[in-house]
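Engineer: Here you go, this is run.cif (mmCIF, C-alpha atoms and all ligand atoms).
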```cif
data_work
loop_
_atom_site.label_atom_id
_atom_site.label_comp_id
_atom_site.auth_asym_id
_atom_site.auth_seq_id
_atom_site.Cartn_x
_atom_site.Cartn_y
_atom_site.Cartn_z
CA MET Q 130 0.00 0.00 0.00
CA ARG Q 131 1.20 3.47 -0.90
CA VAL Q 132 0.85 6.38 1.51
CA ILE Q 133 0.44 9.76 -0.18
CA GLU Q 134 0.65 13.01 1.77
CA SER Q 135 1.05 15.51 -1.04
CA ILE Q 136 -2.07 16.90 -2.74
CA SER Q 137 -0.37 17.25 -6.14
CA GLU Q 138 1.03 13.71 -5.97
CA MET Q 139 -2.47 12.39 -5.22
CA GLN Q 140 -3.97 14.42 -8.07
CA GLN Q 141 -1.35 13.21 -10.54
CA ALA Q 142 -1.85 9.57 -9.54
CA ALA Q 143 -5.65 9.97 -9.82
CA GLU Q 144 -5.34 11.65 -13.22
CA SER Q 145 -3.21 8.83 -14.62
CA TRP Q 146 -5.61 6.15 -13.35
CA ARG Q 147 -8.50 8.01 -14.91
CA ARG Q 148 -6.68 8.21 -18.24
CA GLU Q 149 -6.20 4.41 -18.16
CA GLY Q 150 -9.91 3.93 -17.44
CA THR Q 151 -9.26 2.69 -13.89
CA ARG Q 152 -12.19 3.21 -11.50
CA ILE Q 153 -11.29 5.05 -8.31
CA GLY Q 154 -13.14 4.50 -5.02
CA LEU Q 155 -12.73 6.87 -2.05
CA VAL Q 156 -13.55 6.36 1.62
CA PRO Q 157 -13.05 9.61 3.56
CA THR Q 158 -12.25 9.09 7.27
CA MET Q 159 -10.73 10.88 10.23
CA GLY Q 160 -8.64 7.81 11.08
CA TYR Q 161 -8.40 5.77 14.29
CA LEU Q 162 -9.98 3.10 12.17
CA HIS Q 163 -12.43 0.42 13.28
CA GLU Q 164 -14.48 -2.31 11.60
CA GLY Q 165 -17.03 0.30 10.44
CA HIS Q 166 -14.41 2.13 8.38
CA LEU Q 167 -13.01 -1.18 7.10
CA ALA Q 168 -16.47 -2.30 5.95
CA LEU Q 169 -16.72 0.92 3.89
CA ALA Q 170 -13.31 0.18 2.34
CA LYS Q 171 -14.46 -3.36 1.54
CA LYS Q 172 -17.55 -1.97 -0.18
CA ALA Q 173 -15.34 0.44 -2.15
CA ARG Q 174 -13.21 -2.55 -3.18
CA GLU Q 175 -16.33 -4.14 -4.74
CA LEU Q 176 -17.17 -0.95 -6.63
CA ALA Q 177 -13.75 0.27 -7.83
CA ASP Q 178 -10.36 -0.91 -9.12
CA ILE Q 179 -8.28 1.39 -6.91
CA VAL Q 180 -9.37 2.04 -3.31
CA VAL Q 181 -8.21 5.23 -1.63
CA VAL Q 182 -8.88 5.75 2.09
CA SER Q 183 -8.26 9.30 3.24
CA ILE Q 184 -7.27 10.01 6.82
CA PHE Q 185 -7.66 13.63 7.79
CA VAL Q 186 -8.88 15.08 11.07
CA ASN Q 187 -10.56 18.06 9.50
CA PRO Q 188 -10.25 21.11 11.77
CA THR Q 189 -13.05 23.07 10.08
CA GLN Q 190 -15.77 20.59 11.07
CA PHE Q 191 -15.05 20.94 14.80
CA GLY Q 192 -16.58 23.78 16.78
CA PRO Q 193 -14.96 25.66 19.66
CA GLY Q 194 -14.84 23.45 22.76
CA GLU Q 195 -15.26 20.23 20.75
CA ASP Q 196 -12.73 17.39 20.69
CA PHE Q 197 -10.47 18.44 17.79
CA GLU Q 198 -7.32 18.62 19.95
CA ARG Q 199 -7.90 15.27 21.62
CA TYR Q 200 -9.43 13.36 18.67
CA PRO Q 201 -7.77 9.91 18.80
CA GLN Q 202 -5.04 9.20 16.28
CA ASP Q 203 -2.82 6.20 15.50
CA MET Q 204 -1.53 6.48 11.96
CA GLU Q 205 0.79 3.47 12.26
CA ARG Q 206 -2.01 1.16 13.33
CA ASP Q 207 -4.35 2.58 10.66
CA ILE Q 208 -1.79 1.98 7.93
CA GLY Q 209 -1.32 -1.58 9.19
CA LEU Q 210 -5.07 -2.26 9.03
CA LEU Q 211 -5.43 -0.76 5.57
CA THR Q 212 -2.42 -2.70 4.27
CA GLU Q 213 -3.88 -5.93 5.64
CA MET Q 214 -7.18 -5.16 3.93
CA GLY Q 215 -5.58 -4.64 0.53
CA VAL Q 216 -6.40 -0.93 0.29
CA ASP Q 217 -4.25 0.64 -2.46
CA ILE Q 218 -3.67 4.19 -1.18
CA THR Q 219 -3.85 5.97 2.14
CA PHE Q 220 -4.16 9.67 1.47
CA ALA Q 221 -3.14 11.59 4.58
CA PRO Q 222 -2.72 15.26 3.76
CA ARG Q 223 -1.35 17.83 6.17
CA ALA Q 224 -3.77 20.44 7.50
CA SER Q 225 -1.34 23.19 6.46
CA GLU Q 226 -1.59 22.07 2.84
CA MET Q 227 -5.36 21.55 2.90
CA TYR Q 228 -5.92 24.96 4.49
CA THR Q 229 -3.32 27.50 3.40
CA PRO Q 230 -3.26 30.79 5.33
CA ASP Q 231 -5.33 32.55 2.66
CA TYR Q 232 -7.98 29.79 2.49
CA GLN Q 233 -11.51 31.22 2.15
CA THR Q 234 -13.85 28.92 0.18
CA TYR Q 235 -16.70 26.89 1.69
CA VAL Q 236 -19.55 24.76 0.38
CA GLU Q 237 -22.90 25.03 2.15
CA VAL Q 238 -25.91 22.74 1.84
CA ARG Q 239 -28.60 24.87 3.41
CA GLN Q 240 -31.75 23.05 4.49
CA LEU Q 241 -30.61 19.51 5.20
CA THR Q 242 -27.98 20.81 7.61
CA GLN Q 243 -30.35 22.88 9.76
CA PRO Q 244 -31.86 20.24 12.12
CA LEU Q 245 -30.36 17.41 14.22
CA CYS Q 246 -26.55 17.60 14.42
CA GLY Q 247 -26.59 20.86 12.44
CA ALA Q 248 -28.60 22.54 15.19
CA SER Q 249 -26.21 21.54 17.97
CA ARG Q 250 -22.99 21.84 15.97
CA PRO Q 251 -23.17 25.16 14.09
CA GLY Q 252 -20.76 25.22 11.15
CA HIS Q 253 -20.05 21.48 11.38
CA PHE Q 254 -21.61 20.54 8.06
CA ILE Q 255 -20.01 23.45 6.19
CA GLY Q 256 -16.69 21.98 7.34
CA VAL Q 257 -17.76 18.50 6.21
CA THR Q 258 -19.10 19.43 2.77
CA SER Q 259 -16.14 21.71 2.08
CA VAL Q 260 -13.53 19.08 2.94
CA VAL Q 261 -15.37 16.35 1.04
CA ALA Q 262 -15.58 18.65 -2.01
CA LYS Q 263 -11.82 19.20 -1.70
CA LEU Q 264 -11.17 15.45 -1.36
CA PHE Q 265 -13.28 14.79 -4.48
CA ASN Q 266 -11.18 17.34 -6.39
CA ILE Q 267 -7.95 15.78 -5.17
CA VAL Q 268 -8.73 12.04 -5.36
CA LYS Q 269 -11.11 12.33 -8.36
CA PRO Q 270 -13.14 9.28 -7.32
CA HIS Q 271 -15.80 7.65 -9.49
CA VAL Q 272 -17.47 6.36 -6.34
CA SER Q 273 -17.28 7.33 -2.68
CA VAL Q 274 -18.63 5.33 0.27
CA PHE Q 275 -20.11 6.91 3.42
CA GLY Q 276 -21.62 5.31 6.52
CA GLU Q 277 -25.29 5.55 7.46
CA LYS Q 278 -24.07 6.05 11.02
CA ASP Q 279 -23.72 9.72 10.03
CA PHE Q 280 -27.07 9.70 8.27
CA GLN Q 281 -27.42 13.47 8.00
CA GLN Q 282 -23.89 13.68 6.60
CA LEU Q 283 -24.72 11.06 3.97
CA VAL Q 284 -27.87 12.82 2.70
CA THR Q 285 -26.08 16.19 2.82
CA ILE Q 286 -23.22 14.91 0.67
CA GLN Q 287 -25.66 13.29 -1.73
CA ARG Q 288 -27.39 16.69 -2.04
CA MET Q 289 -24.10 18.54 -2.57
CA VAL Q 290 -23.09 16.12 -5.32
CA ASP Q 291 -26.46 16.49 -7.07
CA ASP Q 292 -26.67 20.27 -6.66
CA LEU Q 293 -23.11 20.95 -7.82
CA ASN Q 294 -23.23 18.28 -10.57
CA MET Q 295 -20.21 16.51 -9.14
CA ASP Q 296 -19.42 13.43 -11.22
CA VAL Q 297 -19.20 11.03 -8.26
CA GLU Q 298 -21.49 8.20 -7.19
CA VAL Q 299 -22.23 8.42 -3.47
CA VAL Q 300 -22.90 5.04 -1.85
CA GLY Q 301 -24.22 4.53 1.68
CA HIS Q 302 -23.22 1.63 3.93
CA PRO Q 303 -25.26 0.28 6.88
CA ILE Q 304 -24.09 0.96 10.45
CA VAL Q 305 -21.53 -1.54 11.73
CA ARG Q 306 -22.05 -2.43 15.41
CA GLU Q 307 -20.12 -4.11 18.19
CA PRO Q 308 -21.50 -7.55 19.15
CA ASP Q 309 -23.48 -5.90 21.99
CA GLY Q 310 -25.08 -3.41 19.60
CA LEU Q 311 -23.05 -0.24 20.23
CA ALA Q 312 -22.44 1.56 16.93
CA MET Q 313 -18.71 1.52 16.24
CA SER Q 314 -17.08 4.93 16.55
CA SER Q 315 -13.58 6.27 17.03
CA ARG Q 316 -15.06 8.27 19.91
CA ASN Q 317 -16.01 5.07 21.81
CA THR Q 318 -12.42 5.14 23.04
CA TYR Q 319 -13.41 8.06 25.31
CA LEU Q 320 -15.75 5.76 27.29
CA ASN Q 321 -14.76 4.04 30.54
CA LYS Q 322 -16.25 0.66 31.43
CA GLN Q 323 -19.36 2.05 33.06
CA GLU Q 324 -19.96 4.66 30.35
CA ARG Q 325 -19.56 1.93 27.74
CA GLN Q 326 -22.50 0.10 29.38
CA THR Q 327 -24.54 3.33 29.53
CA ALA Q 328 -23.86 3.92 25.83
CA LEU Q 329 -25.68 0.66 24.98
CA ARG Q 330 -28.93 2.48 25.69
CA LEU Q 331 -28.74 4.31 22.36
CA ASN Q 332 -29.10 1.14 20.33
CA ARG Q 333 -31.50 -0.32 22.89
CA SER Q 334 -33.82 2.68 22.51
CA LEU Q 335 -33.74 2.28 18.72
CA GLN Q 336 -34.68 -1.38 19.02
CA GLN Q 337 -37.46 -0.54 21.43
CA ALA Q 338 -38.87 2.03 18.99
CA GLU Q 339 -38.73 -0.56 16.20
CA GLN Q 340 -40.78 -2.91 18.38
CA GLN Q 341 -43.30 -0.18 19.17
CA VAL Q 342 -43.77 0.57 15.48
CA ALA Q 343 -44.05 -3.14 14.67
CA ALA Q 344 -46.78 -3.35 17.34
CA GLY Q 345 -48.74 -0.57 15.65
CA GLU Q 346 -47.62 2.66 17.37
CA ARG Q 347 -47.62 5.58 14.91
CA ARG Q 348 -47.62 8.61 17.24
CA VAL Q 349 -44.39 10.60 17.21
CA GLU Q 350 -44.63 11.82 20.81
CA ALA Q 351 -45.38 8.35 22.20
CA ILE Q 352 -42.35 6.88 20.44
CA LEU Q 353 -40.05 9.74 21.45
CA GLU Q 354 -41.18 9.55 25.04
CA SER Q 355 -40.22 5.88 25.26
CA VAL Q 356 -36.92 6.64 23.55
CA ARG Q 357 -36.13 9.41 26.05
CA ASN Q 358 -37.11 7.22 29.00
CA CYS Q 359 -34.96 4.37 27.76
CA LEU Q 360 -31.97 6.69 27.21
CA GLU Q 361 -32.22 8.50 30.55
CA GLU Q 362 -33.14 5.62 32.83
CA GLY Q 363 -30.21 5.00 35.17
CA GLY Q 364 -28.61 8.41 34.60
CA GLY Q 365 -25.11 9.10 33.26
CA LEU Q 366 -26.41 10.21 29.86
CA ARG Q 367 -27.51 13.60 28.58
CA ILE Q 368 -29.68 13.70 25.47
CA ASP Q 369 -28.63 16.23 22.86
CA TYR Q 370 -31.55 15.36 20.59
CA ALA Q 371 -33.83 12.43 19.77
CA GLU Q 372 -36.06 13.07 16.79
CA LEU Q 373 -38.20 11.47 14.12
CA ARG Q 374 -37.65 12.88 10.65
CA ASN Q 375 -38.43 12.24 6.99
CA PRO Q 376 -35.33 10.30 5.81
CA VAL Q 377 -35.17 12.14 2.47
CA THR Q 378 -35.87 15.77 3.40
CA LEU Q 379 -35.04 15.51 7.14
CA GLY Q 380 -38.26 17.48 7.64
CA GLU Q 381 -40.50 16.90 10.65
CA VAL Q 382 -43.13 14.15 10.53
CA SER Q 383 -46.51 14.17 12.23
CA ARG Q 384 -46.94 10.38 12.33
CA VAL Q 385 -44.86 7.33 11.48
CA GLU Q 386 -46.75 6.25 8.39
CA GLY Q 387 -43.86 5.50 6.01
CA PRO Q 388 -40.14 4.85 6.51
CA THR Q 389 -39.06 7.37 9.18
CA LEU Q 390 -35.62 8.25 10.48
CA LEU Q 391 -35.13 7.98 14.23
CA ALA Q 392 -31.92 9.89 14.93
CA MET Q 393 -30.28 10.73 18.23
CA ALA Q 394 -27.20 12.25 19.80
CA ALA Q 395 -26.26 11.97 23.47
CA TYR Q 396 -23.38 12.83 25.74
CA VAL Q 397 -21.95 9.96 27.80
CA GLY Q 398 -18.94 11.06 29.82
CA LYS Q 399 -16.66 12.99 27.47
CA ALA Q 400 -18.13 11.42 24.35
CA ARG Q 401 -20.88 12.76 22.13
CA LEU Q 402 -22.39 9.66 20.54
CA ILE Q 403 -24.84 9.45 17.63
CA ASP Q 404 -27.00 6.62 16.38
CA ASN Q 405 -30.03 6.15 14.14
CA CYS Q 406 -32.31 3.68 12.45
CA LEU Q 407 -35.09 3.70 9.90
CA LEU Q 408 -38.47 2.86 11.40
CA ILE Q 409 -40.50 1.04 8.77
CA PRO Q 410 -44.16 0.43 9.60
CA PRO Q 411 -45.29 -3.00 8.36
CA GLY Q 412 -46.90 -2.75 4.94
CA SER Q 413 -45.45 0.72 4.18
CA PRO Q 414 -44.16 1.28 0.63
P1 LIG H 1 -15.24 9.22 10.72
O1 LIG H 1 -13.85 8.71 10.68
O2 LIG H 1 -15.92 9.00 12.02
O3 LIG H 1 -15.38 10.61 10.17
O4 LIG H 1 -16.06 8.31 9.72
C1 LIG H 1 -15.64 8.11 8.39
C2 LIG H 1 -16.72 7.36 7.65
O5 LIG H 1 -16.98 6.12 8.30
C3 LIG H 1 -18.06 8.11 7.61
O6 LIG H 1 -18.68 7.91 6.34
C4 LIG H 1 -18.85 7.43 8.70
O7 LIG H 1 -20.24 7.49 8.51
C5 LIG H 1 -18.35 6.01 8.57
N1 LIG H 1 -18.56 5.26 9.81
C6 LIG H 1 -18.10 5.56 11.05
N2 LIG H 1 -18.54 4.67 11.95
C7 LIG H 1 -19.31 3.78 11.28
C8 LIG H 1 -20.05 2.63 11.64
N3 LIG H 1 -20.11 2.19 12.89
N4 LIG H 1 -20.72 1.97 10.67
C9 LIG H 1 -20.69 2.40 9.39
N5 LIG H 1 -20.00 3.48 8.98
C10 LIG H 1 -19.33 4.16 9.90
#
```
Show how you would write the structure in this file as structure tokens.
Ligand code: AMP
Structural biologist:
Amino acid sequence: MRVIESISEMQQAAESWRREGTRIGLVPTMGYLHEGHLALAKKARELADIVVVSIFVNPTQFGPGEDFERYPQDMERDIGLLTEMGVDITFAPRASEMYTPDYQTYVEVRQLTQPLCGASRPGHFIGVTSVVAKLFNIVKPHVSVFGEKDFQQLVTIQRMVDDLNMDVEVVGHPIVREPDGLAMSSRNTYLNKQERQTALRLNRSLQQAEQQVAAGERRVEAILESVRNCLEEGGGLRIDYAELRNPVTLGEVSRVEGPTLLAMAAYVGKARLIDNCLLIPPGSP
């Protein structure tokens, strides 16, 4: 596996693959890789001839007081995992080259980024869409794989690609979970043993909501009340948001009549964790 740090070297390599008709697949990550990231790389391997995994802890998507400075990193281990997996390129640019002192261009997707994580992390999605746009210009992928774990991010990037006519296919990948149901995340490393147990309530509350919907519940408030109770019971967790939304527009829903996104974010110890699922009422289209 080749590690590329320079933007121009990455662009030249991408250009020559494109000229040969080689399909390029990109998986953007912030590193400290886990099975979730590796599943995305595996999917990219199915869809492309050359798989590029980018590792870049993007400063512009972190707000003041967030965990940018302490975001976990282990480049050596990441490179080992990606080599083992048969990934072709790790692209790990330096922040100083990605953001030169006179940097001043940002991409904004307006409506989809207003609710949910956008409401509690102002500016976060502008950082995400801008860096992904940059990565697309540098790696020139034909296809790029994103996790449904960051559901709002996935639909936002899909929107950006459509709106700006970017010639990239965006592919979503289901959430990869630990055996006990916790959604894999680099931030799980912030959890101590007790917090790790508390964090299981996120997935448990999703499962409970799925059961409620399967049993015929359609009322938004009734579902959200059970979700909140499940999350808060036992303490040690602070809900940032728990909401039901239309999975395409991320608009509010009045009842769960078709496929509906249940999305949540919660603080457990030092970690802000997110999780989601699609609630699909039986017999819905
Ligand atoms: P991150 O390194 O956290 O920015 O994530 C990089 C990519 O991996 C994003 O597309 C995430 O949605 C995806 N990802 C992270 N965790 C998971 C997971 N548990 N399952 C599926 N995809 C994930």
Engineer: Nearest to Arg306 (chain Q) among Q:Ser183, Q:Asn332, Q:Thr158, Q:Asn358, with distances taken over all atoms listed in the file: which residue is it?
Structural biologist: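 Residue with the minimum atom-to-atom distance to Arg306 (chain Q): Q:Asn332.
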Engineer: Hey, could you make a per-residue contact list for chain Q against ligand LIG 1 (chain H) with 6 Å as the cut-off, showing the nearest pair of atoms and its distance in Å to one decimal, counting all atoms listed in the file, sorted by chain and number, as CSV?
Structural biologist:
```
residue,atom,partner,partner_atom,distance
Q:Pro157,CA,H:LIG1,C1,5.7
Q:Thr158,CA,H:LIG1,C1,3.7
Q:Met159,CA,H:LIG1,O1,3.8
Q:Gly160,CA,H:LIG1,O1,5.3
Q:Gly165,CA,H:LIG1,C8,4.0
Q:His166,CA,H:LIG1,O5,4.7
Q:Phe275,CA,H:LIG1,O6,3.4
Q:Gly276,CA,H:LIG1,O7,3.3
Q:Glu277,CA,H:LIG1,O7,5.5
Q:Lys278,CA,H:LIG1,O7,4.8
Q:Asp279,CA,H:LIG1,O7,4.4
Q:Pro303,CA,H:LIG1,C9,5.6
Q:Ile304,CA,H:LIG1,N4,3.5
Q:Val305,CA,H:LIG1,N4,3.8
Q:Arg306,CA,H:LIG1,N3,5.6
Q:Ala312,CA,H:LIG1,N3,4.7
Q:Met313,CA,H:LIG1,N3,3.7
Q:Ser314,CA,H:LIG1,N2,4.8
```
Engineer: Using CA of Gly301 (chain Q) and CA of Thr285 (chain Q) as the two end points, give the distance in Å to one decimal.
Structural biologist: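 These atoms are spaced 11.9 Å apart.
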Engineer: Between Q:Val216, Q:Val260, Q:Ala351, Q:Val300, which residue has the minimum interatomic distance to Val186 (chain Q), considering only C-alpha atoms?
Structural biologist: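 Closest to Val186 (chain Q), using only C-alpha atoms: Q:Val260.
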Engineer: Would you please work out which residue, of Q:Leu211, Q:Val272, Q:Ala262, Q:Leu379, is nearest to Gly154 (chain Q) when using all atoms listed in the file?
Structural biologist: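 Under the stated criterion, the closest residue is Q:Val272.
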Engineer: As a list of chain:residue names, please: the residues near Leu366 (chain Q) (cut-off 8 Å, only C-alpha atoms, same-chain neighbours under 4 positions excluded).
Structural biologist: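 The contact residues come out as Q:Thr327, Q:Ala328, Q:Leu360, Q:Glu361, Q:Ala395, Q:Tyr396, Q:Val397, Q:Gly398.
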Engineer: Of the candidates Q:Ile136, Q:Leu241, Q:Ala338, Q:Ala394, which shows the shortest atom-to-atom distance to Pro376 (chain Q), using all atoms listed in the file?
Structural biologist: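 Selected residue with least distance to Pro376 (chain Q): Q:Leu241.
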Engineer: What's around Thr258 (chain Q) at 7 Å? Count only C-alpha atoms, leave out sequence neighbours fewer than 5 positions away in its own chain, and write the answer as number ranges by chain.
Structural biologist: Q: 236-237, 286
Engineer: Tell me, in Å to one decimal, how far CA of Asp292 (chain Q) is from CA of Gln240 (chain Q).
Structural biologist: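 Value for the CA of Asp292 (chain Q)-CA of Gln240 (chain Q) distance: 12.6 Å.
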Engineer: Would you list the residues near (-10.6, 16.1, 19.7) (no more than 12 Å away, in the coordinates of the file, using all atoms listed in the file) as a compact mmCIF listing (two decimals) with C-alpha atoms, in the frame of the given file?
Structural biologist:
```
# COMPACT_ATOMS: atom_id res chain seq x y z
CA MET Q 159 -10.73 10.88 10.23
CA TYR Q 161 -8.40 5.77 14.29
CA VAL Q 186 -8.88 15.08 11.07
CA ASN Q 187 -10.56 18.06 9.50
CA PRO Q 188 -10.25 21.11 11.77
CA GLN Q 190 -15.77 20.59 11.07
CA PHE Q 191 -15.05 20.94 14.80
CA GLY Q 192 -16.58 23.78 16.78
CA PRO Q 193 -14.96 25.66 19.66
CA GLY Q 194 -14.84 23.45 22.76
CA GLU Q 195 -15.26 20.23 20.75
CA ASP Q 196 -12.73 17.39 20.69
CA PHE Q 197 -10.47 18.44 17.79
CA GLU Q 198 -7.32 18.62 19.95
CA ARG Q 199 -7.90 15.27 21.62
CA TYR Q 200 -9.43 13.36 18.67
CA PRO Q 201 -7.77 9.91 18.80
CA GLN Q 202 -5.04 9.20 16.28
CA SER Q 315 -13.58 6.27 17.03
CA ARG Q 316 -15.06 8.27 19.91
CA THR Q 318 -12.42 5.14 23.04
CA TYR Q 319 -13.41 8.06 25.31
CA LYS Q 399 -16.66 12.99 27.47
CA ALA Q 400 -18.13 11.42 24.35
CA ARG Q 401 -20.88 12.76 22.13
```
Engineer: Between CA of Arg330 (chain Q) and CA of Gly310 (chain Q), what is the distance, to one decimal in Å?
Structural biologist: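 So the two atoms, CA of Arg330 (chain Q) and CA of Gly310 (chain Q), lie 9.3 Å apart.
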Engineer: Quick one: of Q:Ser259, Q:Asn405, Q:Ser273, Q:Ser137, who's nearest to Leu169 (chain Q), counting only C-alpha atoms?
Structural biologist: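 Among Q:Ser259, Q:Asn405, Q:Ser273, Q:Ser137, it is Q:Ser273 that comes nearest to Leu169 (chain Q).
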Engineer: Considering all atoms listed in the file, can you say which of Q:Asp369, Q:Glu149, Q:Glu144, Q:Glu134 comes closest to Ile218 (chain Q)?
Structural biologist: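 Between Q:Asp369, Q:Glu149, Q:Glu144, Q:Glu134, the residue approaching Ile218 (chain Q) most closely is Q:Glu134.
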Engineer: Considering only C-alpha atoms, return as a PyMOL selection string whatever protein or nucleic-acid residues lie within 6 Å of region 383-387 of chain Q, sequence-local ones (same chain, fewer than 2 positions apart) excluded.
Structural biologist: chain Q and resi 347-349+413
Engineer: Can you write just those residues out, C-alpha atoms, as a PDB file, in the frame of the given file?
Structural biologist:
```pdb
ATOM      1  CA  ARG Q 347     -47.620   5.580  14.910  1.00  0.00           C
ATOM      2  CA  ARG Q 348     -47.620   8.610  17.240  1.00  0.00           C
ATOM      3  CA  VAL Q 349     -44.390  10.600  17.210  1.00  0.00           C
ATOM      4  CA  SER Q 413     -45.450   0.720   4.180  1.00  0.00           C
TER       5      SER Q 413
END
```
